[in-house]
$ cat target.pdb   # PDB, C-alpha atoms
ATOM      1  CA  MET A  29       2.050 -36.470 -26.975
ATOM      2  CA  LEU A  30      -0.565 -34.327 -25.260
ATOM      3  CA  THR A  31       1.307 -34.417 -21.961
ATOM      4  CA  ARG A  32       4.311 -32.851 -23.618
ATOM      5  CA  VAL A  33       2.186 -29.898 -24.716
ATOM      6  CA  TYR A  34       0.242 -29.497 -21.516
ATOM      7  CA  ASP A  35       2.726 -30.247 -18.789
ATOM      8  CA  ASN A  36       3.998 -26.682 -18.580
ATOM      9  CA  LEU A  37       0.786 -24.887 -19.512
ATOM     10  CA  ILE A  38       0.110 -23.205 -16.163
ATOM     11  CA  VAL A  39       3.699 -22.107 -15.708
ATOM     12  CA  GLN A  40       3.921 -20.810 -19.260
ATOM     13  CA  THR A  41       0.675 -18.847 -19.002
ATOM     14  CA  VAL A  42       1.647 -17.277 -15.693
ATOM     15  CA  CYS A  43       5.103 -16.380 -17.007
ATOM     16  CA  ARG A  44       3.622 -14.909 -20.156
ATOM     17  CA  VAL A  45       1.503 -12.579 -18.041
ATOM     18  CA  MET A  46       4.184 -11.731 -15.488
ATOM     19  CA  ILE A  47       7.314 -11.123 -17.566
ATOM     20  CA  PRO A  48       6.374  -7.657 -18.978
ATOM     21  CA  PHE A  49       5.445  -6.435 -15.502
ATOM     22  CA  ILE A  50       8.704  -7.753 -14.092
ATOM     23  CA  GLN A  51      10.660  -5.893 -16.745
ATOM     24  CA  ILE A  52       8.785  -2.647 -16.138
ATOM     25  CA  TYR A  53       9.405  -3.047 -12.420
ATOM     26  CA  ALA A  54      13.103  -3.600 -13.107
ATOM     27  CA  LEU A  55      13.246  -0.324 -15.071
ATOM     28  CA  TYR A  56      11.488   1.400 -12.166
ATOM     29  CA  VAL A  57      14.077   0.036  -9.737
ATOM     30  CA  ILE A  58      16.944   1.234 -11.963
ATOM     31  CA  ALA A  59      15.496   4.718 -12.348
ATOM     32  CA  HIS A  60      14.605   5.257  -8.667
ATOM     33  CA  GLY A  61      17.923   4.145  -7.226
ATOM     34  CA  HIS A  62      18.618   7.504  -5.656
ATOM     35  CA  TYR A  63      15.372   7.625  -3.687
ATOM     36  CA  SER A  64      14.178   4.105  -2.828
ATOM     37  CA  PRO A  65      16.035   0.799  -2.503
ATOM     38  CA  GLY A  66      17.399  -0.059  -5.893
ATOM     39  CA  GLY A  67      19.861   1.184  -8.433
ATOM     40  CA  GLY A  68      21.739  -0.341 -11.308
ATOM     41  CA  PHE A  69      22.755  -3.682  -9.899
ATOM     42  CA  GLN A  70      19.398  -4.540  -8.344
ATOM     43  CA  GLY A  71      17.468  -3.588 -11.476
ATOM     44  CA  GLY A  72      19.853  -5.605 -13.603
ATOM     45  CA  VAL A  73      19.301  -8.682 -11.477
ATOM     46  CA  ILE A  74      15.514  -8.297 -11.779
ATOM     47  CA  LEU A  75      15.883  -8.039 -15.568
ATOM     48  CA  THR A  76      17.891 -11.263 -15.441
ATOM     49  CA  ALA A  77      15.052 -12.814 -13.444
ATOM     50  CA  ALA A  78      12.657 -11.987 -16.281
ATOM     51  CA  LEU A  79      14.922 -13.694 -18.824
ATOM     52  CA  ALA A  80      15.469 -16.615 -16.474
ATOM     53  CA  LEU A  81      11.694 -17.060 -16.266
ATOM     54  CA  ILE A  82      11.598 -17.563 -20.018
ATOM     55  CA  PHE A  83      14.454 -20.027 -19.628
ATOM     56  CA  LEU A  84      12.659 -21.981 -16.903
ATOM     57  CA  ALA A  85       9.181 -22.033 -18.394
ATOM     58  CA  TYR A  86       9.808 -22.454 -22.105
ATOM     59  CA  GLY A  87      13.230 -24.097 -22.288
ATOM     60  CA  GLN A  88      16.545 -22.993 -23.655
ATOM     61  CA  GLU A  89      15.563 -22.491 -27.307
ATOM     62  CA  PRO A  90      13.096 -19.574 -26.875
ATOM     63  CA  ALA A  91      15.437 -17.917 -24.389
ATOM     64  CA  ALA A  92      18.413 -18.299 -26.725
ATOM     65  CA  ARG A  93      16.357 -16.963 -29.595
ATOM     66  CA  ARG A  94      15.796 -13.773 -27.615
ATOM     67  CA  MET A  95      19.352 -13.450 -26.434
ATOM     68  CA  ASN A  96      22.152 -15.889 -27.178
ATOM     69  CA  ARG A  97      25.648 -15.902 -25.762
ATOM     70  CA  ARG A  98      27.172 -13.617 -28.338
ATOM     71  CA  GLN A  99      24.511 -10.946 -27.983
ATOM     72  CA  ALA A 100      24.812 -11.151 -24.196
ATOM     73  CA  SER A 101      28.567 -10.631 -24.360
ATOM     74  CA  MET A 102      28.235  -7.697 -26.728
ATOM     75  CA  LEU A 103      25.555  -6.018 -24.622
ATOM     76  CA  CYS A 104      27.684  -6.541 -21.501
ATOM     77  CA  ALA A 105      30.550  -4.737 -23.186
ATOM     78  CA  ALA A 106      28.120  -2.026 -24.318
ATOM     79  CA  GLY A 107      26.946  -1.481 -20.753
ATOM     80  CA  VAL A 108      30.512  -1.113 -19.514
ATOM     81  CA  ALA A 109      31.211   1.201 -22.460
ATOM     82  CA  ILE A 110      28.295   3.445 -21.472
ATOM     83  CA  TYR A 111      29.662   3.739 -17.939
ATOM     84  CA  ALA A 112      33.265   4.308 -19.002
ATOM     85  CA  GLY A 113      32.213   6.554 -21.869
ATOM     86  CA  ILE A 114      30.339   8.956 -19.607
ATOM     87  CA  GLY A 115      33.286   9.038 -17.219
ATOM     88  CA  LEU A 116      35.770   9.492 -20.043
ATOM     89  CA  TYR A 117      33.762  12.316 -21.588
ATOM     90  CA  CYS A 118      33.739  14.112 -18.248
ATOM     91  CA  LEU A 119      37.499  13.603 -18.061
ATOM     92  CA  LEU A 120      38.106  14.908 -21.583
ATOM     93  CA  ALA A 121      35.826  17.918 -21.027
ATOM     94  CA  GLY A 122      38.107  19.199 -18.303
ATOM     95  CA  GLY A 123      36.830  17.778 -15.016
ATOM     96  CA  ASN A 124      37.632  14.660 -13.006
ATOM     97  CA  PHE A 125      36.604  11.164 -14.012
ATOM     98  CA  LEU A 126      32.794  10.897 -13.584
ATOM     99  CA  ASP A 127      32.504  14.588 -12.754
ATOM    100  CA  TYR A 128      28.971  14.956 -14.105
ATOM    101  CA  SER A 129      28.950  18.757 -14.006
ATOM    102  CA  MET A 130      30.893  18.667 -17.276
ATOM    103  CA  LEU A 131      27.775  17.229 -18.925
ATOM    104  CA  ALA A 132      25.856  20.479 -18.337
ATOM    105  CA  PRO A 133      27.061  22.359 -21.459
ATOM    106  CA  LEU A 134      26.588  19.218 -23.568
ATOM    107  CA  LEU A 135      22.951  18.687 -22.570
ATOM    108  CA  HIS A 136      22.028  22.374 -22.121
ATOM    109  CA  VAL A 137      20.723  21.868 -18.582
ATOM    110  CA  SER A 138      21.692  23.244 -15.190
ATOM    111  CA  VAL A 139      24.514  21.653 -13.196
ATOM    112  CA  PRO A 140      22.391  19.774 -10.563
ATOM    113  CA  ARG A 141      20.212  18.325 -13.303
ATOM    114  CA  ALA A 142      23.327  17.304 -15.242
ATOM    115  CA  ARG A 143      24.597  15.420 -12.200
ATOM    116  CA  SER A 144      21.251  13.651 -11.846
ATOM    117  CA  LEU A 145      21.177  12.693 -15.521
ATOM    118  CA  GLY A 146      24.782  11.524 -15.353
ATOM    119  CA  ILE A 147      24.030   9.207 -12.470
ATOM    120  CA  LEU A 148      20.978   7.880 -14.320
ATOM    121  CA  GLY A 149      23.147   7.207 -17.350
ATOM    122  CA  VAL A 150      25.722   5.184 -15.450
ATOM    123  CA  GLU A 151      22.934   3.279 -13.661
ATOM    124  CA  VAL A 152      21.520   2.288 -17.050
ATOM    125  CA  GLY A 153      24.985   1.115 -18.130
ATOM    126  CA  VAL A 154      25.441  -0.881 -14.936
ATOM    127  CA  GLY A 155      21.972  -2.449 -15.262
ATOM    128  CA  LEU A 156      22.649  -3.550 -18.822
ATOM    129  CA  ALA A 157      26.029  -5.029 -17.923
ATOM    130  CA  VAL A 158      24.670  -6.856 -14.875
ATOM    131  CA  MET A 159      21.708  -8.303 -16.738
ATOM    132  CA  THR A 160      23.779  -9.736 -19.557
ATOM    133  CA  ALA A 161      26.551 -10.980 -17.263
ATOM    134  CA  MET A 162      24.163 -12.885 -15.021
ATOM    135  CA  TYR A 163      22.266 -14.222 -18.018
ATOM    136  CA  SER A 164      25.563 -15.557 -19.390
ATOM    137  CA  ILE A 165      26.204 -17.228 -16.042
ATOM    138  CA  ILE A 166      22.762 -18.855 -16.147
ATOM    139  CA  LEU A 167      23.348 -20.097 -19.696
ATOM    140  CA  ASP A 168      26.738 -21.522 -18.769
ATOM    141  CA  ILE A 169      25.468 -23.308 -15.690
ATOM    142  CA  ALA A 170      22.082 -24.556 -16.822
ATOM    143  CA  GLY A 171      22.206 -24.654 -20.598
ATOM    144  CA  ASN A 172      23.320 -27.366 -22.954
ATOM    145  CA  HIS A 173      26.352 -26.350 -24.942
ATOM    146  CA  GLU A 174      25.353 -27.565 -28.398
ATOM    147  CA  ASP A 175      25.489 -24.162 -30.051
ATOM    148  CA  GLU A 176      29.148 -23.498 -29.298
ATOM    149  CA  SER A 177      30.409 -24.528 -32.716
ATOM    150  CA  ASP A 178      32.642 -21.473 -33.049
ATOM    151  CA  SER A 179      34.801 -22.155 -30.045
ATOM    152  CA  ASP A 180      37.831 -23.264 -32.067
ATOM    153  CA  PRO A 181      38.428 -21.982 -35.579
ATOM    154  CA  GLU A 182      39.132 -25.212 -37.452
ATOM    155  CA  SER A 183      35.792 -26.790 -36.614
ATOM    156  CA  CYS A 184      33.653 -23.982 -37.987
ATOM    157  CA  SER A 185      33.127 -25.554 -41.377
ATOM    158  CA  THR A 186      32.891 -29.209 -40.333
ATOM    159  CA  PRO A 187      30.051 -30.369 -38.096
ATOM    160  CA  LYS A 188      30.951 -31.942 -34.768
ATOM    161  CA  PRO A 189      30.475 -35.710 -34.748
ATOM    162  CA  GLY A 190      28.023 -36.066 -31.863
ATOM    163  CA  SER A 191      25.872 -32.964 -32.165
ATOM    164  CA  ILE A 192      23.005 -34.087 -34.360
ATOM    165  CA  SER A 193      19.923 -33.853 -32.111
TER     166      SER A 193
ATOM    167  CA  MET B  22      -2.648   1.319  15.162
ATOM    168  CA  LYS B  23       1.079   0.660  15.430
ATOM    169  CA  SER B  24       0.730  -1.703  18.360
ATOM    170  CA  PHE B  25      -1.934  -3.629  16.409
ATOM    171  CA  PHE B  26       0.460  -4.090  13.491
ATOM    172  CA  LEU B  27       3.237  -5.029  15.899
ATOM    173  CA  ASN B  28       1.075  -7.734  17.452
ATOM    174  CA  ILE B  29       0.269  -9.086  13.994
ATOM    175  CA  ASP B  30       4.004  -9.149  13.209
ATOM    176  CA  ILE B  31       4.800 -11.122  16.352
ATOM    177  CA  PHE B  32       2.013 -13.608  15.623
ATOM    178  CA  LEU B  33       3.268 -14.065  12.061
ATOM    179  CA  CYS B  34       6.786 -14.711  13.387
ATOM    180  CA  LEU B  35       5.373 -17.473  15.588
ATOM    181  CA  LEU B  36       3.671 -18.936  12.525
ATOM    182  CA  ILE B  37       6.998 -18.847  10.696
ATOM    183  CA  PHE B  38       8.467 -21.038  13.424
ATOM    184  CA  CYS B  39       5.605 -23.476  12.847
ATOM    185  CA  CYS B  40       6.493 -23.577   9.145
ATOM    186  CA  LEU B  41      10.130 -24.133  10.061
ATOM    187  CA  TYR B  42       9.159 -27.380  11.717
ATOM    188  CA  ARG B  43       7.817 -28.664   8.421
ATOM    189  CA  ALA B  44      10.882 -27.375   6.600
ATOM    190  CA  LEU B  45      13.162 -29.298   8.939
ATOM    191  CA  ARG B  46      11.161 -32.486   9.351
ATOM    192  CA  GLY B  47       9.612 -32.882   5.898
ATOM    193  CA  PRO B  48      10.111 -36.441   4.669
ATOM    194  CA  THR B  49      10.214 -35.403   1.023
ATOM    195  CA  VAL B  50      11.867 -32.397  -0.520
ATOM    196  CA  PHE B  51       8.549 -31.011  -1.763
ATOM    197  CA  ASP B  52       7.435 -30.529   1.827
ATOM    198  CA  ARG B  53      10.460 -28.369   2.379
ATOM    199  CA  MET B  54       9.829 -26.391  -0.802
ATOM    200  CA  ILE B  55       6.244 -25.616   0.154
ATOM    201  CA  ALA B  56       7.323 -24.662   3.671
ATOM    202  CA  VAL B  57       9.918 -22.240   2.305
ATOM    203  CA  GLY B  58       7.284 -20.741   0.023
ATOM    204  CA  ALA B  59       4.932 -20.209   2.935
ATOM    205  CA  ILE B  60       7.727 -18.621   4.972
ATOM    206  CA  GLY B  61       8.384 -16.303   2.035
ATOM    207  CA  THR B  62       4.765 -15.216   1.906
ATOM    208  CA  LYS B  63       4.695 -14.458   5.625
ATOM    209  CA  THR B  64       7.945 -12.525   5.349
ATOM    210  CA  LEU B  65       6.360 -10.408   2.645
ATOM    211  CA  ILE B  66       3.479  -9.408   4.904
ATOM    212  CA  ILE B  67       5.803  -8.731   7.830
ATOM    213  CA  LEU B  68       7.887  -6.414   5.619
ATOM    214  CA  VAL B  69       4.868  -4.365   4.520
ATOM    215  CA  LEU B  70       3.572  -4.078   8.090
ATOM    216  CA  ILE B  71       7.000  -2.939   9.292
ATOM    217  CA  GLY B  72       6.813  -0.332   6.559
ATOM    218  CA  PHE B  73       3.525   0.902   8.030
ATOM    219  CA  ILE B  74       5.045   1.024  11.511
ATOM    220  CA  PHE B  75       8.026   3.073  10.330
ATOM    221  CA  GLY B  76       5.808   5.368   8.308
ATOM    222  CA  ARG B  77       7.657   4.855   4.992
ATOM    223  CA  VAL B  78       5.506   2.230   3.383
ATOM    224  CA  ASP B  79       6.554   2.993  -0.200
ATOM    225  CA  MET B  80      10.108   1.749   0.328
ATOM    226  CA  PHE B  81       9.125  -1.494   1.960
ATOM    227  CA  ILE B  82       6.640  -2.300  -0.789
ATOM    228  CA  ASP B  83       9.510  -2.196  -3.290
ATOM    229  CA  ILE B  84      11.447  -4.749  -1.277
ATOM    230  CA  SER B  85       8.359  -6.955  -0.818
ATOM    231  CA  ILE B  86       7.659  -7.057  -4.547
ATOM    232  CA  VAL B  87      11.230  -8.179  -5.199
ATOM    233  CA  TYR B  88      10.976 -10.813  -2.494
ATOM    234  CA  ALA B  89       7.721 -12.138  -3.955
ATOM    235  CA  LEU B  90       9.411 -12.448  -7.327
ATOM    236  CA  LEU B  91      12.387 -14.271  -5.828
ATOM    237  CA  ASN B  92      10.086 -16.627  -3.958
ATOM    238  CA  PHE B  93       8.234 -17.533  -7.130
ATOM    239  CA  LEU B  94      11.424 -17.919  -9.143
ATOM    240  CA  GLY B  95      13.120 -20.053  -6.506
ATOM    241  CA  THR B  96      10.224 -22.478  -6.270
ATOM    242  CA  LEU B  97      10.076 -22.724 -10.041
ATOM    243  CA  ALA B  98      13.821 -23.341 -10.396
ATOM    244  CA  ALA B  99      13.833 -25.991  -7.672
ATOM    245  CA  ALA B 100      10.832 -27.729  -9.230
ATOM    246  CA  LYS B 101      12.522 -27.731 -12.633
ATOM    247  CA  TYR B 102      15.663 -29.213 -11.122
ATOM    248  CA  PHE B 103      13.776 -31.986  -9.379
ATOM    249  CA  GLU B 104      11.799 -32.740 -12.522
ATOM    250  CA  GLY B 105      15.057 -33.384 -14.311
ATOM    251  CA  LYS B 106      16.898 -35.228 -11.578
ATOM    252  CA  GLY B 107      14.138 -37.286 -10.017
ATOM    253  CA  GLU B 108      12.774 -37.285  -6.518
ATOM    254  CA  PHE B 109      15.006 -37.447  -3.465
TER     255      PHE B 109
END

$ encode --input "target.pdb" --output "structure tokens"
Amino acid sequence: MLTRVYDNLIVQTVCRVMIPFIQIYALYVIAHGHYSPGGGFQGGVILTAALALIFLAYGQEPAARRMNRRQASMLCAAGVAIYAGIGLYCLLAGGNFLDYSMLAPLLHVSVPRARSLGILGVEVGVGLAVMTAMYSIILDIAGNHEDESDSDPESCSTPKPGSIS
Amino acid sequence: MKSFFLNIDIFLCLLIFCCLYRALRGPTVFDRMIAVGAIGTKTLIILVLIGFIFGRVDMFIDISIVYALLNFLGTLAAAKYFEGKGEF
């Protein structure tokens, strides 16, 4: 009994200390993509690494409690919507698709600053989409699929015969 | 100062080849995992020293931090896999 509690103690303690710093570093990488190596995709992958550390150290249940499959899918769509929404707004405001100078009258800033903020916005959208997509991949590959009771509609109300554990 | 860092880089590369021997010849898989971890640590230091040589150390520190994280995560994932599957 005691070995079950203590077998992961070192890994769990180290992960508990490291995960907030990893997430802050991922936000730094997303925000400084124009100046140092980084950007949306790289920061998103580092955010996935933070979630994957919870998955590796504590098991699937605490990781799924923080973000399960449905939330990951919705946040992935939200990230893509941020990217497409900024581009679409620039298109509807009279410019080309992703022409960030059209954001300048909306945000009341000068045109170069509007371009910089527009790029930051799409990087945030890309980071969110990448993090949730790769987390879904990790859950599909390495997780056990006991919580997929809503995959077909007629089995929603009746429990599956082998899933009591 | 640059030639000093360059000499350290070359010496660390030779040490990486020594670690490669253990990675290739390790009888168990844990030998290989530890060797890859040591190679990762040396690569980290080589990256930062190359950053000093080029003069732009702030960029190379970003890459080294990411590589340290990947090293740690890879060792952890491999250890978790071998805990579940048994020793090879």

$ closest_residue --input "target.pdb" --among "B:Ile82, B:Ala99, B:Ile55, B:Leu90" --to "Ile67 in chain B" --atoms "only C-alpha atoms"
B:Ile82

$ interface_residues --input "target.pdb" --of "chain A" --to "chain B" --cutoff "7 Å" --atoms "all atoms listed in the file" --output "list in words"
Ser64, Pro65 and Leu84 of chain A

$ resolve_selection --input "target.pdb" --expression "the PyMOL selection byres ((chain A and resi 61) around 12)" --output "ChimeraX atom specification"
/A:54-60,62-72,144,147-152,154-155 /B:80,83

$ residues_around --input "target.pdb" --residues "Lys23 in chain B" --least-positions-apart "2" --cutoff "10 Å" --atoms "all atoms listed in the file" --output "ChimeraX atom specification"
/B:25-29,70-71,73-76

$ atom_distance --input "target.pdb" --atom1 "CA of Val108 in chain A" --atom2 "CA of Leu156 in chain A"
8.3 Å

$ atom_distance --input "target.pdb" --atom1 "CA of Ala78 in chain A" --atom2 "CA of Ile47 in chain A"
5.6 Å

$ atom_distance --input "target.pdb" --atom1 "CA of Ala92 in chain A" --atom2 "CA of Met159 in chain A"
14.5 Å

$ residues_around --input "target.pdb" --residues "Met54 in chain B" --least-positions-apart "5" --cutoff "10 Å" --atoms "all atoms listed in the file" --output "PyMOL selection string"
chain B and resi 43-44+47+49+59-60+95-97+99-100

$ decode --input "target.pdb" --residues "range 42-71 of chain B" --atoms "N, CA and C atoms" --output "PDB file, in the first residue's frame"
ATOM      1  N   TYR B  42      29.135   5.561 -27.341  1.00  0.00           N
ATOM      2  CA  TYR B  42      29.541   4.160 -27.207  1.00  0.00           C
ATOM      3  C   TYR B  42      28.612   3.439 -26.247  1.00  0.00           C
ATOM      4  N   ARG B  43      28.302   4.104 -25.129  1.00  0.00           N
ATOM      5  CA  ARG B  43      27.409   3.449 -24.164  1.00  0.00           C
ATOM      6  C   ARG B  43      26.000   3.345 -24.721  1.00  0.00           C
ATOM      7  N   ALA B  44      25.598   4.327 -25.526  1.00  0.00           N
ATOM      8  CA  ALA B  44      24.258   4.278 -26.101  1.00  0.00           C
ATOM      9  C   ALA B  44      24.137   3.144 -27.101  1.00  0.00           C
ATOM     10  N   LEU B  45      25.227   2.820 -27.789  1.00  0.00           N
ATOM     11  CA  LEU B  45      25.164   1.756 -28.782  1.00  0.00           C
ATOM     12  C   LEU B  45      25.340   0.386 -28.155  1.00  0.00           C
ATOM     13  N   ARG B  46      26.221   0.281 -27.142  1.00  0.00           N
ATOM     14  CA  ARG B  46      26.607  -1.011 -26.636  1.00  0.00           C
ATOM     15  C   ARG B  46      25.921  -1.376 -25.343  1.00  0.00           C
ATOM     16  N   GLY B  47      25.009  -0.526 -24.827  1.00  0.00           N
ATOM     17  CA  GLY B  47      24.424  -0.800 -23.527  1.00  0.00           C
ATOM     18  C   GLY B  47      23.649  -2.101 -23.518  1.00  0.00           C
ATOM     19  N   PRO B  48      23.923  -3.006 -22.584  1.00  0.00           N
ATOM     20  CA  PRO B  48      23.195  -4.268 -22.585  1.00  0.00           C
ATOM     21  C   PRO B  48      21.711  -4.083 -22.283  1.00  0.00           C
ATOM     22  N   THR B  49      21.383  -3.193 -21.362  1.00  0.00           N
ATOM     23  CA  THR B  49      19.976  -2.957 -21.068  1.00  0.00           C
ATOM     24  C   THR B  49      19.556  -1.629 -21.690  1.00  0.00           C
ATOM     25  N   VAL B  50      18.255  -1.419 -21.687  1.00  0.00           N
ATOM     26  CA  VAL B  50      17.739  -0.204 -22.319  1.00  0.00           C
ATOM     27  C   VAL B  50      17.954   1.006 -21.423  1.00  0.00           C
ATOM     28  N   PHE B  51      18.121   0.761 -20.093  1.00  0.00           N
ATOM     29  CA  PHE B  51      18.314   1.898 -19.200  1.00  0.00           C
ATOM     30  C   PHE B  51      19.688   2.521 -19.396  1.00  0.00           C
ATOM     31  N   ASP B  52      20.669   1.691 -19.803  1.00  0.00           N
ATOM     32  CA  ASP B  52      21.962   2.273 -20.158  1.00  0.00           C
ATOM     33  C   ASP B  52      21.810   3.261 -21.302  1.00  0.00           C
ATOM     34  N   ARG B  53      21.032   2.881 -22.283  1.00  0.00           N
ATOM     35  CA  ARG B  53      20.855   3.753 -23.429  1.00  0.00           C
ATOM     36  C   ARG B  53      20.119   5.031 -23.036  1.00  0.00           C
ATOM     37  N   MET B  54      19.149   4.895 -22.142  1.00  0.00           N
ATOM     38  CA  MET B  54      18.388   6.084 -21.726  1.00  0.00           C
ATOM     39  C   MET B  54      19.281   7.071 -20.989  1.00  0.00           C
ATOM     40  N   ILE B  55      20.129   6.552 -20.100  1.00  0.00           N
ATOM     41  CA  ILE B  55      21.009   7.449 -19.353  1.00  0.00           C
ATOM     42  C   ILE B  55      22.025   8.086 -20.291  1.00  0.00           C
ATOM     43  N   ALA B  56      22.502   7.305 -21.272  1.00  0.00           N
ATOM     44  CA  ALA B  56      23.471   7.868 -22.216  1.00  0.00           C
ATOM     45  C   ALA B  56      22.847   8.992 -23.029  1.00  0.00           C
ATOM     46  N   VAL B  57      21.592   8.797 -23.456  1.00  0.00           N
ATOM     47  CA  VAL B  57      20.923   9.854 -24.224  1.00  0.00           C
ATOM     48  C   VAL B  57      20.703  11.086 -23.369  1.00  0.00           C
ATOM     49  N   GLY B  58      20.408  10.882 -22.078  1.00  0.00           N
ATOM     50  CA  GLY B  58      20.255  12.024 -21.185  1.00  0.00           C
ATOM     51  C   GLY B  58      21.549  12.801 -21.016  1.00  0.00           C
ATOM     52  N   ALA B  59      22.657  12.069 -20.909  1.00  0.00           N
ATOM     53  CA  ALA B  59      23.943  12.746 -20.774  1.00  0.00           C
ATOM     54  C   ALA B  59      24.305  13.498 -22.049  1.00  0.00           C
ATOM     55  N   ILE B  60      23.983  12.887 -23.209  1.00  0.00           N
ATOM     56  CA  ILE B  60      24.247  13.582 -24.474  1.00  0.00           C
ATOM     57  C   ILE B  60      23.418  14.852 -24.557  1.00  0.00           C
ATOM     58  N   GLY B  61      22.186  14.792 -24.042  1.00  0.00           N
ATOM     59  CA  GLY B  61      21.329  15.977 -24.046  1.00  0.00           C
ATOM     60  C   GLY B  61      21.899  17.093 -23.198  1.00  0.00           C
ATOM     61  N   THR B  62      22.445  16.735 -22.042  1.00  0.00           N
ATOM     62  CA  THR B  62      23.025  17.748 -21.168  1.00  0.00           C
ATOM     63  C   THR B  62      24.240  18.408 -21.817  1.00  0.00           C
ATOM     64  N   LYS B  63      25.074  17.601 -22.458  1.00  0.00           N
ATOM     65  CA  LYS B  63      26.248  18.180 -23.126  1.00  0.00           C
ATOM     66  C   LYS B  63      25.837  19.074 -24.285  1.00  0.00           C
ATOM     67  N   THR B  64      24.796  18.649 -24.999  1.00  0.00           N
ATOM     68  CA  THR B  64      24.319  19.466 -26.126  1.00  0.00           C
ATOM     69  C   THR B  64      23.839  20.829 -25.648  1.00  0.00           C
ATOM     70  N   LEU B  65      23.188  20.826 -24.492  1.00  0.00           N
ATOM     71  CA  LEU B  65      22.742  22.075 -23.887  1.00  0.00           C
ATOM     72  C   LEU B  65      23.894  23.043 -23.695  1.00  0.00           C
ATOM     73  N   ILE B  66      24.985  22.542 -23.100  1.00  0.00           N
ATOM     74  CA  ILE B  66      26.125  23.412 -22.803  1.00  0.00           C
ATOM     75  C   ILE B  66      26.778  23.874 -24.095  1.00  0.00           C
ATOM     76  N   ILE B  67      26.854  22.983 -25.080  1.00  0.00           N
ATOM     77  CA  ILE B  67      27.454  23.372 -26.360  1.00  0.00           C
ATOM     78  C   ILE B  67      26.631  24.483 -27.004  1.00  0.00           C
ATOM     79  N   LEU B  68      25.299  24.394 -26.901  1.00  0.00           N
ATOM     80  CA  LEU B  68      24.439  25.428 -27.495  1.00  0.00           C
ATOM     81  C   LEU B  68      24.698  26.786 -26.847  1.00  0.00           C
ATOM     82  N   VAL B  69      24.783  26.812 -25.521  1.00  0.00           N
ATOM     83  CA  VAL B  69      24.973  28.107 -24.838  1.00  0.00           C
ATOM     84  C   VAL B  69      26.337  28.689 -25.180  1.00  0.00           C
ATOM     85  N   LEU B  70      27.366  27.815 -25.260  1.00  0.00           N
ATOM     86  CA  LEU B  70      28.699  28.327 -25.592  1.00  0.00           C
ATOM     87  C   LEU B  70      28.764  28.836 -27.028  1.00  0.00           C
ATOM     88  N   ILE B  71      28.027  28.168 -27.941  1.00  0.00           N
ATOM     89  CA  ILE B  71      27.973  28.677 -29.313  1.00  0.00           C
ATOM     90  C   ILE B  71      27.274  30.032 -29.332  1.00  0.00           C
TER      91      ILE B  71
END
